[in-house]
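What follows is upload_25.cif (mmCIF, C-alpha atoms).
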data_start
loop_
_atom_site.group_PDB
_atom_site.id
_atom_site.type_symbol
_atom_site.label_atom_id
_atom_site.label_comp_id
_atom_site.auth_asym_id
_atom_site.auth_seq_id
_atom_site.Cartn_x
_atom_site.Cartn_y
_atom_site.Cartn_z
ATOM 1 C CA MET A 1 126.234 90.391 87.185
ATOM 2 C CA GLU A 2 127.812 88.414 90.050
ATOM 3 C CA ASN A 3 129.474 85.988 87.625
ATOM 4 C CA ASP A 4 130.711 88.778 85.343
ATOM 5 C CA PHE A 5 132.279 90.571 88.296
ATOM 6 C CA ASP A 6 133.870 87.390 89.647
ATOM 7 C CA SER A 7 135.338 86.543 86.241
ATOM 8 C CA GLY A 8 136.694 90.070 85.767
ATOM 9 C CA LEU A 9 134.417 91.080 82.891
ATOM 10 C CA ILE A 10 133.129 94.087 84.803
ATOM 11 C CA ASP A 11 134.754 96.236 87.485
ATOM 12 C CA VAL A 12 131.740 96.853 89.689
ATOM 13 C CA GLY A 13 129.704 94.039 91.254
ATOM 14 C CA PRO A 14 126.150 94.191 92.573
ATOM 15 C CA ASN A 15 125.758 96.275 95.720
ATOM 16 C CA ARG A 16 123.188 96.270 98.500
ATOM 17 C CA TYR A 17 120.943 98.647 96.581
ATOM 18 C CA ALA A 18 120.812 96.273 93.614
ATOM 19 C CA TYR A 19 119.816 93.348 95.807
ATOM 20 C CA THR A 20 117.239 95.284 97.846
ATOM 21 C CA SER A 21 115.685 96.721 94.679
ATOM 22 C CA ILE A 22 115.053 93.171 93.473
ATOM 23 C CA LEU A 23 113.768 92.171 96.913
ATOM 24 C CA SER A 24 111.352 95.096 96.959
ATOM 25 C CA SER A 25 110.020 94.093 93.552
ATOM 26 C CA ILE A 26 109.574 90.499 94.718
ATOM 27 C CA SER A 27 107.714 91.681 97.832
ATOM 28 C CA GLN A 28 105.073 93.327 95.649
ATOM 29 C CA THR A 29 104.448 90.363 93.393
ATOM 30 C CA LYS A 30 101.592 87.924 93.865
ATOM 31 C CA ALA A 31 103.648 84.982 92.643
ATOM 32 C CA PRO A 32 103.047 81.998 94.963
ATOM 33 C CA ASP A 33 106.793 81.392 95.349
ATOM 34 C CA GLY A 34 107.752 85.042 95.843
ATOM 35 C CA HIS A 35 108.789 84.443 99.443
ATOM 36 C CA VAL A 36 111.050 81.570 98.328
ATOM 37 C CA LEU A 37 112.835 83.872 95.887
ATOM 38 C CA ALA A 38 113.128 86.534 98.579
ATOM 39 C CA GLU A 39 114.616 84.094 101.096
ATOM 40 C CA ASP A 40 117.094 82.826 98.507
ATOM 41 C CA LEU A 41 118.185 86.355 97.663
ATOM 42 C CA LEU A 42 118.646 87.278 101.314
ATOM 43 C CA ARG A 43 120.848 84.239 101.824
ATOM 44 C CA ARG A 44 122.817 85.142 98.703
ATOM 45 C CA MET A 45 123.460 88.606 100.126
ATOM 46 C CA ASN A 46 124.889 87.055 103.290
ATOM 47 C CA ASN A 47 126.960 84.523 101.346
ATOM 48 C CA ARG A 48 128.105 87.104 98.836
ATOM 49 C CA SER A 49 129.271 89.411 101.594
ATOM 50 C CA ARG A 50 131.484 86.669 102.989
ATOM 51 C CA HIS A 51 132.702 85.600 99.533
ATOM 52 C CA VAL A 52 133.962 89.057 98.491
ATOM 53 C CA ASN A 53 134.645 90.244 102.049
ATOM 54 C CA ASP A 54 132.322 93.226 101.707
ATOM 55 C CA LYS A 55 130.033 94.036 104.644
ATOM 56 C CA GLU A 56 128.276 96.668 102.565
ATOM 57 C CA ILE A 57 126.435 93.845 100.781
ATOM 58 C CA LEU A 58 124.934 92.464 104.003
ATOM 59 C CA PRO A 59 121.125 92.748 104.068
ATOM 60 C CA ASP A 60 119.684 95.701 105.958
ATOM 61 C CA THR A 61 116.282 96.657 107.362
ATOM 62 C CA VAL A 62 114.902 97.274 103.877
ATOM 63 C CA ALA A 63 115.923 93.778 102.770
ATOM 64 C CA TYR A 64 114.491 91.965 105.791
ATOM 65 C CA THR A 65 111.305 94.020 105.625
ATOM 66 C CA ALA A 66 110.847 93.172 101.940
ATOM 67 C CA LEU A 67 111.151 89.486 102.826
ATOM 68 C CA LEU A 68 108.479 89.835 105.528
ATOM 69 C CA GLN A 69 106.234 91.631 103.033
ATOM 70 C CA ALA A 70 106.710 88.776 100.563
ATOM 71 C CA LEU A 71 105.807 86.295 103.308
ATOM 72 C CA ALA A 72 102.673 88.297 104.139
ATOM 73 C CA ARG A 73 101.535 87.797 100.522
ATOM 74 C CA SER A 74 102.496 84.121 100.528
ATOM 75 C CA ARG A 75 100.056 81.247 100.968
ATOM 76 C CA SER A 76 102.703 79.008 102.466
ATOM 77 C CA PRO A 77 101.471 77.110 105.540
ATOM 78 C CA ASP A 78 104.877 77.738 107.126
ATOM 79 C CA LYS A 79 104.839 81.505 106.575
ATOM 80 C CA ILE A 80 104.493 82.387 110.258
ATOM 81 C CA ASP A 81 107.350 80.171 111.435
ATOM 82 C CA THR A 82 109.503 81.525 108.613
ATOM 83 C CA ALA A 83 108.618 85.140 109.399
ATOM 84 C CA LYS A 84 109.331 84.657 113.107
ATOM 85 C CA LYS A 85 112.701 83.094 112.287
ATOM 86 C CA TRP A 86 113.846 85.957 110.046
ATOM 87 C CA PHE A 87 112.495 88.643 112.374
ATOM 88 C CA ALA A 88 114.299 87.023 115.324
ATOM 89 C CA GLU A 89 117.533 86.956 113.313
ATOM 90 C CA MET A 90 117.057 90.613 112.452
ATOM 91 C CA GLU A 91 116.538 91.589 116.096
ATOM 92 C CA THR A 92 119.490 89.479 117.258
ATOM 93 C CA ARG A 93 121.867 91.086 114.790
ATOM 94 C CA TYR A 94 120.589 94.538 115.720
ATOM 95 C CA ALA A 95 121.102 93.766 119.428
ATOM 96 C CA GLU A 96 124.644 92.638 118.604
ATOM 97 C CA GLY A 97 125.417 96.074 117.191
ATOM 98 C CA ASN A 98 124.343 96.028 113.540
ATOM 99 C CA SER A 99 122.538 99.379 113.362
ATOM 100 C CA ASP A 100 121.495 98.683 109.764
ATOM 101 C CA LEU A 101 119.034 96.089 111.062
ATOM 102 C CA LYS A 102 116.879 98.200 113.340
ATOM 103 C CA PRO A 103 113.232 97.221 112.723
ATOM 104 C CA ASN A 104 111.112 100.168 111.625
ATOM 105 C CA LYS A 105 107.380 100.774 111.477
ATOM 106 C CA ILE A 106 107.114 99.156 108.043
ATOM 107 C CA THR A 107 108.881 96.063 109.403
ATOM 108 C CA TYR A 108 106.394 95.669 112.238
ATOM 109 C CA THR A 109 103.471 96.296 109.890
ATOM 110 C CA ALA A 110 104.769 93.542 107.603
ATOM 111 C CA LEU A 111 105.062 91.155 110.557
ATOM 112 C CA ILE A 112 101.500 91.963 111.623
ATOM 113 C CA ASN A 113 100.345 91.378 108.058
ATOM 114 C CA CYS A 114 101.951 87.934 108.152
ATOM 115 C CA TRP A 115 99.670 87.093 111.064
ATOM 116 C CA ARG A 116 96.725 88.869 109.436
ATOM 117 C CA SER A 117 96.943 86.699 106.329
ATOM 118 C CA SER A 118 97.994 83.494 108.099
ATOM 119 C CA GLY A 119 94.557 81.917 108.443
ATOM 120 C CA ARG A 120 95.400 80.935 112.000
ATOM 121 C CA PRO A 121 92.680 81.118 114.666
ATOM 122 C CA ASP A 122 94.892 83.207 116.973
ATOM 123 C CA SER A 123 95.857 85.768 114.318
ATOM 124 C CA GLY A 124 94.231 88.601 116.288
ATOM 125 C CA GLU A 125 95.973 87.794 119.562
ATOM 126 C CA GLN A 126 99.355 87.442 117.861
ATOM 127 C CA ALA A 127 99.017 90.654 115.845
ATOM 128 C CA GLN A 128 97.982 92.430 119.045
ATOM 129 C CA GLN A 129 101.169 91.202 120.729
ATOM 130 C CA VAL A 130 103.266 92.730 117.949
ATOM 131 C CA LEU A 131 101.390 96.024 118.337
ATOM 132 C CA GLU A 132 101.980 95.989 122.086
ATOM 133 C CA LEU A 133 105.688 95.401 121.460
ATOM 134 C CA VAL A 134 105.765 98.428 119.172
ATOM 135 C CA GLU A 135 103.935 100.579 121.736
ATOM 136 C CA GLN A 136 106.277 99.434 124.503
ATOM 137 C CA ARG A 137 109.388 100.286 122.493
ATOM 138 C CA CYS A 138 107.884 103.620 121.528
ATOM 139 C CA GLN A 139 107.294 104.396 125.221
ATOM 140 C CA GLU A 140 110.898 103.423 125.902
ATOM 141 C CA GLY A 141 112.064 106.148 123.534
ATOM 142 C CA ASP A 142 111.937 104.762 119.995
ATOM 143 C CA HIS A 143 109.549 107.380 118.620
ATOM 144 C CA GLU A 144 110.380 106.506 115.008
ATOM 145 C CA ILE A 145 108.096 103.472 115.278
ATOM 146 C CA LYS A 146 105.174 105.356 116.819
ATOM 147 C CA PRO A 147 102.037 103.422 115.779
ATOM 148 C CA ASP A 148 99.786 104.964 113.157
ATOM 149 C CA ALA A 149 96.360 104.290 111.660
ATOM 150 C CA MET A 150 97.724 101.790 109.146
ATOM 151 C CA LEU A 151 99.303 99.683 111.882
ATOM 152 C CA TYR A 152 96.103 99.701 113.939
ATOM 153 C CA SER A 153 94.009 98.885 110.864
ATOM 154 C CA SER A 154 96.119 95.789 110.143
ATOM 155 C CA VAL A 155 95.612 94.559 113.710
ATOM 156 C CA ILE A 156 91.849 95.189 113.491
ATOM 157 C CA ASP A 157 91.789 93.110 110.312
ATOM 158 C CA ALA A 158 93.811 90.365 112.012
ATOM 159 C CA TRP A 159 91.196 90.208 114.778
ATOM 160 C CA SER A 160 88.496 90.067 112.095
ATOM 161 C CA ARG A 161 90.102 87.053 110.408
ATOM 162 C CA GLY A 162 90.801 85.144 113.611
ATOM 163 C CA GLN A 163 88.467 82.927 115.613
ATOM 164 C CA SER A 164 88.451 84.749 118.945
ATOM 165 C CA THR A 165 85.065 85.228 120.589
ATOM 166 C CA GLU A 166 86.366 88.617 121.742
ATOM 167 C CA LYS A 167 87.273 89.842 118.268
ATOM 168 C CA VAL A 168 84.562 92.516 118.081
ATOM 169 C CA GLU A 169 85.373 94.018 121.490
ATOM 170 C CA ARG A 170 89.108 94.031 120.788
ATOM 171 C CA ALA A 171 88.665 95.597 117.354
ATOM 172 C CA TRP A 172 86.321 98.276 118.702
ATOM 173 C CA ASP A 173 88.781 99.016 121.516
ATOM 174 C CA LEU A 174 91.543 99.629 118.954
ATOM 175 C CA TYR A 175 89.289 101.913 116.926
ATOM 176 C CA SER A 176 88.298 103.820 120.080
ATOM 177 C CA ARG A 177 91.960 104.312 120.966
ATOM 178 C CA MET A 178 92.640 105.593 117.461
ATOM 179 C CA ARG A 179 89.757 108.022 117.664
ATOM 180 C CA GLU A 180 90.850 109.281 121.074
ATOM 181 C CA GLN A 181 94.461 109.778 120.006
ATOM 182 C CA TYR A 182 93.381 111.643 116.880
ATOM 183 C CA ALA A 183 91.095 113.876 118.953
ATOM 184 C CA ASN A 184 94.101 114.637 121.182
ATOM 185 C CA GLY A 185 96.165 115.838 118.237
ATOM 186 C CA ASN A 186 97.843 112.707 116.821
ATOM 187 C CA ILE A 187 97.163 113.259 113.117
ATOM 188 C CA ASP A 188 98.717 109.887 112.237
ATOM 189 C CA MET A 189 95.732 108.225 113.902
ATOM 190 C CA LYS A 190 93.013 109.743 111.745
ATOM 191 C CA PRO A 191 90.260 107.154 111.106
ATOM 192 C CA ASN A 192 88.979 106.735 107.556
ATOM 193 C CA ASP A 193 86.357 104.789 105.617
ATOM 194 C CA ILE A 194 88.757 101.902 104.904
ATOM 195 C CA ILE A 195 89.444 101.356 108.608
ATOM 196 C CA MET A 196 85.746 101.686 109.363
ATOM 197 C CA SER A 197 84.879 99.107 106.699
ATOM 198 C CA THR A 198 87.435 96.722 108.230
ATOM 199 C CA LEU A 199 85.858 97.173 111.665
ATOM 200 C CA ILE A 200 82.348 96.614 110.276
ATOM 201 C CA LYS A 201 83.471 93.406 108.538
ATOM 202 C CA CYS A 202 84.878 92.232 111.867
ATOM 203 C CA CYS A 203 81.401 92.649 113.368
ATOM 204 C CA GLY A 204 79.952 90.515 110.585
ATOM 205 C CA PHE A 205 82.399 87.696 111.269
ATOM 206 C CA ALA A 206 81.309 87.341 114.910
ATOM 207 C CA GLN A 207 80.476 83.734 115.805
ATOM 208 C CA GLY A 208 78.026 82.482 118.396
ATOM 209 C CA GLU A 209 74.846 84.131 119.640
ATOM 210 C CA LYS A 210 76.488 86.204 122.361
ATOM 211 C CA SER A 211 79.237 87.454 120.049
ATOM 212 C CA LYS A 212 76.713 88.267 117.320
ATOM 213 C CA LYS A 213 74.707 90.421 119.738
ATOM 214 C CA LYS A 214 77.885 92.323 120.546
ATOM 215 C CA GLY A 215 78.660 92.493 116.837
ATOM 216 C CA LEU A 216 75.288 94.046 116.092
ATOM 217 C CA LYS A 217 75.721 96.583 118.875
ATOM 218 C CA VAL A 218 79.119 97.633 117.540
ATOM 219 C CA LEU A 219 77.836 97.659 113.946
ATOM 220 C CA LEU A 220 75.169 100.174 114.977
ATOM 221 C CA GLN A 221 77.845 102.272 116.662
ATOM 222 C CA CYS A 222 79.863 102.120 113.452
ATOM 223 C CA PHE A 223 76.839 103.198 111.442
ATOM 224 C CA SER A 224 76.434 106.172 113.766
ATOM 225 C CA GLU A 225 80.107 107.036 113.257
ATOM 226 C CA VAL A 226 79.761 106.794 109.481
ATOM 227 C CA THR A 227 76.809 109.177 109.376
ATOM 228 C CA SER A 228 77.964 111.655 112.018
ATOM 229 C CA SER A 229 81.762 111.822 112.086
ATOM 230 C CA LYS A 230 83.473 114.478 110.026
ATOM 231 C CA ASN A 231 86.691 112.466 110.033
ATOM 232 C CA ILE A 232 85.386 109.359 108.296
ATOM 233 C CA GLY A 233 84.723 109.764 104.602
ATOM 234 C CA GLN A 234 81.742 107.837 103.290
ATOM 235 C CA SER A 235 82.193 105.365 100.445
ATOM 236 C CA PRO A 236 80.289 102.513 98.771
ATOM 237 C CA SER A 237 82.605 100.012 100.481
ATOM 238 C CA THR A 238 81.430 101.219 103.904
ATOM 239 C CA PHE A 239 77.730 100.847 103.085
ATOM 240 C CA TYR A 240 78.398 97.508 101.393
ATOM 241 C CA ALA A 241 80.133 96.276 104.554
ATOM 242 C CA LEU A 242 77.254 97.491 106.724
ATOM 243 C CA LEU A 243 74.633 95.614 104.700
ATOM 244 C CA THR A 244 76.585 92.366 104.285
ATOM 245 C CA SER A 245 77.574 92.286 107.965
ATOM 246 C CA LEU A 246 73.992 92.998 109.014
ATOM 247 C CA SER A 247 72.875 90.009 106.926
ATOM 248 C CA ARG A 248 75.311 87.748 108.784
ATOM 249 C CA LEU A 249 74.374 89.045 112.215
ATOM 250 C CA VAL A 250 70.581 89.115 111.981
ATOM 251 C CA GLY A 251 68.835 86.170 110.378
ATOM 252 C CA ASP A 252 65.291 87.474 110.793
ATOM 253 C CA ASP A 253 64.127 89.580 107.834
ATOM 254 C CA ALA A 254 61.715 91.649 109.911
ATOM 255 C CA ARG A 255 64.372 92.527 112.494
ATOM 256 C CA ARG A 256 66.802 93.568 109.781
ATOM 257 C CA ARG A 257 64.331 95.766 107.917
ATOM 258 C CA PRO A 258 64.527 99.051 109.882
ATOM 259 C CA VAL A 259 68.316 98.938 110.082
ATOM 260 C CA SER A 260 68.880 97.997 106.435
ATOM 261 C CA ALA A 261 66.427 100.696 105.332
ATOM 262 C CA ALA A 262 68.303 103.291 107.393
ATOM 263 C CA ILE A 263 71.661 102.174 105.931
ATOM 264 C CA PHE A 264 70.315 102.354 102.387
ATOM 265 C CA GLU A 265 68.759 105.757 102.981
ATOM 266 C CA ALA A 266 72.062 107.075 104.364
ATOM 267 C CA CYS A 267 73.917 105.681 101.338
ATOM 268 C CA VAL A 268 71.535 107.413 98.914
ATOM 269 C CA LYS A 269 71.721 110.658 100.872
ATOM 270 C CA ALA A 270 75.530 110.509 100.718
ATOM 271 C CA GLY A 271 75.455 109.932 96.942
ATOM 272 C CA GLN A 272 77.418 106.675 97.325
ATOM 273 C CA LEU A 273 75.121 104.103 95.733
ATOM 274 C CA ASN A 274 76.728 101.677 93.281
ATOM 275 C CA GLY A 275 76.212 98.140 92.038
ATOM 276 C CA SER A 276 77.971 96.488 94.985
ATOM 277 C CA VAL A 277 75.712 98.221 97.496
ATOM 278 C CA LEU A 278 72.635 97.305 95.456
ATOM 279 C CA ASN A 279 73.690 93.667 95.318
ATOM 280 C CA ALA A 280 74.217 93.685 99.083
ATOM 281 C CA LEU A 281 70.767 95.210 99.534
ATOM 282 C CA SER A 282 69.182 92.509 97.369
ATOM 283 C CA GLU A 283 70.619 89.896 99.750
ATOM 284 C CA CYS A 284 69.983 91.782 102.960
ATOM 285 C CA GLN A 285 66.505 93.173 102.223
ATOM 286 C CA PRO A 286 65.127 91.826 98.936
ATOM 287 C CA GLU A 287 61.645 93.324 99.375
ATOM 288 C CA LEU A 288 63.158 96.804 99.575
ATOM 289 C CA TYR A 289 65.452 96.135 96.633
ATOM 290 C CA VAL A 290 62.654 95.040 94.250
ATOM 291 C CA LYS A 291 60.665 98.202 95.033
ATOM 292 C CA LEU A 292 63.395 100.497 93.691
ATOM 293 C CA PRO A 293 62.063 102.356 90.641
ATOM 294 C CA PHE A 294 64.930 101.324 88.341
ATOM 295 C CA VAL A 295 64.880 97.626 89.267
ATOM 296 C CA VAL A 296 62.913 95.634 86.688
ATOM 297 C CA ASN A 297 62.359 91.902 87.145
ATOM 298 C CA GLY A 298 65.059 91.851 89.793
ATOM 299 C CA ARG A 299 67.650 93.521 87.529
ATOM 300 C CA TYR A 300 69.023 96.996 87.004
ATOM 301 C CA ARG A 301 71.446 98.870 84.786
ATOM 302 C CA ASN A 302 74.120 101.012 86.378
ATOM 303 C CA GLU A 303 73.244 103.923 84.127
ATOM 304 C CA ASP A 304 69.677 103.843 85.487
ATOM 305 C CA ILE A 305 70.785 104.548 89.064
ATOM 306 C CA PRO A 306 69.702 108.163 89.691
ATOM 307 C CA THR A 307 72.629 110.544 89.325
ATOM 308 C CA GLU A 308 71.826 112.159 92.647
ATOM 309 C CA TRP A 309 72.162 108.794 94.380
ATOM 310 C CA ARG A 310 75.696 108.183 93.060
ATOM 311 C CA LYS A 311 77.020 111.705 92.573
ATOM 312 C CA ASN A 312 79.772 111.570 95.211
ATOM 313 C CA ILE A 313 81.424 108.285 94.277
ATOM 314 C CA ARG A 314 85.115 108.665 93.578
ATOM 315 C CA GLU A 315 86.068 106.822 90.422
ATOM 316 C CA THR A 316 89.117 105.167 92.006
ATOM 317 C CA ARG A 317 87.102 103.803 94.898
ATOM 318 C CA GLN A 318 85.350 100.475 94.622
ATOM 319 C CA ALA A 319 83.339 98.554 97.137
#
Written as structure tokens, how would this file's structure read?
Amino acid sequence: MENDFDSGLIDVGPNRYAYTSILSSISQTKAPDGHVLAEDLLRRMNNRSRHVNDKEILPDTVAYTALLQALARSRSPDKIDTAKKWFAEMETRYAEGNSDLKPNKITYTALINCWRSSGRPDSGEQAQQVLELVEQRCQEGDHEIKPDAMLYSSVIDAWSRGQSTEKVERAWDLYSRMREQYANGNIDMKPNDIIMSTLIKCCGFAQGEKSKKKGLKVLLQCFSEVTSSKNIGQSPSTFYALLTSLSRLVGDDARRRPVSAAIFEACVKAGQLNGSVLNALSECQPELYVKLPFVVNGRYRNEDIPTEWRKNIRETRQA
């Protein structure tokens, strides 16, 4: 299209919308070089704008955000340095007066997700810093970027994937802040089963004896939330996370038994039992698993799970 326009074959060349549409598509792909394509296209937008003397082609917030989203999906070892570079350029141009480059909530979420998926030991601390920047700017008057549950959830997951010995406390603190804000009327902070599952997984990734004790304490608090809160929907993924995290935190079979039995009983009562939960139970508490009436020689068929025990599973939800 660019060549046809330049050679006079067509009267209308590609505009910003055409470029950003391609960028948005790239940002959703799982191709390993998606971020490379996105970077190349962003540079082409800048070069193209100068070539045809058209500022309307310059990349905007949507374009830069799509690039950050592509980087978040990338496995490149340089993804963080690249993301920081492009985000800094975006902020600099906005500070210089380009109002089309004002970072929005999706931009910050994408930047947090870059840290979340980076594999770096300090991913939690760095994602937390981005969140604090968002909260500071919101307090300064930019209410369009007011943090929501999705933003908090991404930071909780970043703490989960990092190596901090304080990950469980920091993740629980974020969840507690969400819960408090929702109770005070902020509907954008409503907790859900996905966020709860992320928090429970964070407990399971605690390292070291002291951190594991804290992880178990918070896991039990999460279990209480799952069974008592009206705001958190129950799902197989939540009970799966509870059982697998419990296995990581408590090595002694006898110590695990009362907790795993209570988790399984709550799952059955909620009608949320599926194959993933059963597999987690077989690892966490094998003697309880083999006693189930439909388990024969250590195996089961999904159709043999009592209907009452799985009646509330939503078909689109998987553990």
Which residues are near Ile145 of chain A? Cut-off 9 Å, all atoms listed in the file, ignore same chain within fewer than 4 positions. Put them as a PyMOL selection string. chain A and resi 103-106+108+134-135+137-138
Selection dump of the PyMOL selection byres ((chain A and resi 29) around 12), as a ChimeraX atom specification: /A:22-28,30-35,37-38,66-67,69-74
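Running the PyMOL selection byres ((chain A and resi 233) around 9) on this file leaves A:Pro191, A:Asn192, A:Asp193, A:Ile194, A:Val226, A:Ser229, A:Lys230, A:Asn231, A:Ile232, A:Gln234, A:Ser235 selected.
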Within 10 Å of segment 214-225 of chain A, which residues of segment 88-191 of chain A show up? Give each one with its shortest atom-to-atom distance in Å (one decimal) and the two atoms involved, counting all atoms listed in the file, rows by chain then rising residue number, as JSON lines.
{"residue": "A:Glu166", "atom": "CA", "partner": "A:Lys214", "partner_atom": "CA", "distance": 9.3}
{"residue": "A:Lys167", "atom": "CA", "partner": "A:Gly215", "partner_atom": "CA", "distance": 9.1}
{"residue": "A:Val168", "atom": "CA", "partner": "A:Gly215", "partner_atom": "CA", "distance": 6.0}
{"residue": "A:Glu169", "atom": "CA", "partner": "A:Lys214", "partner_atom": "CA", "distance": 7.7}
{"residue": "A:Ala171", "atom": "CA", "partner": "A:Val218", "partner_atom": "CA", "distance": 9.8}
{"residue": "A:Trp172", "atom": "CA", "partner": "A:Val218", "partner_atom": "CA", "distance": 7.3}
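Within the file as shown, the PyMOL selection byres ((chain A and resi 267-279) around 8) identifies A:Gln234, A:Ser235, A:Pro236, A:Ser237, A:Phe239, A:Tyr240, A:Leu243, A:Ile263, A:Phe264, A:Glu265, A:Ala266, A:Ala280, A:Leu281, A:Ser282, A:Glu283, A:Tyr289, A:Asn302, A:Ile305, A:Glu308, A:Trp309, A:Arg310, A:Lys311, A:Asn312, A:Ile313, A:Ala319.
Between atom CA of Glu39 of chain A and atom CA of Val130 of chain A the separation is 22.1 Å.
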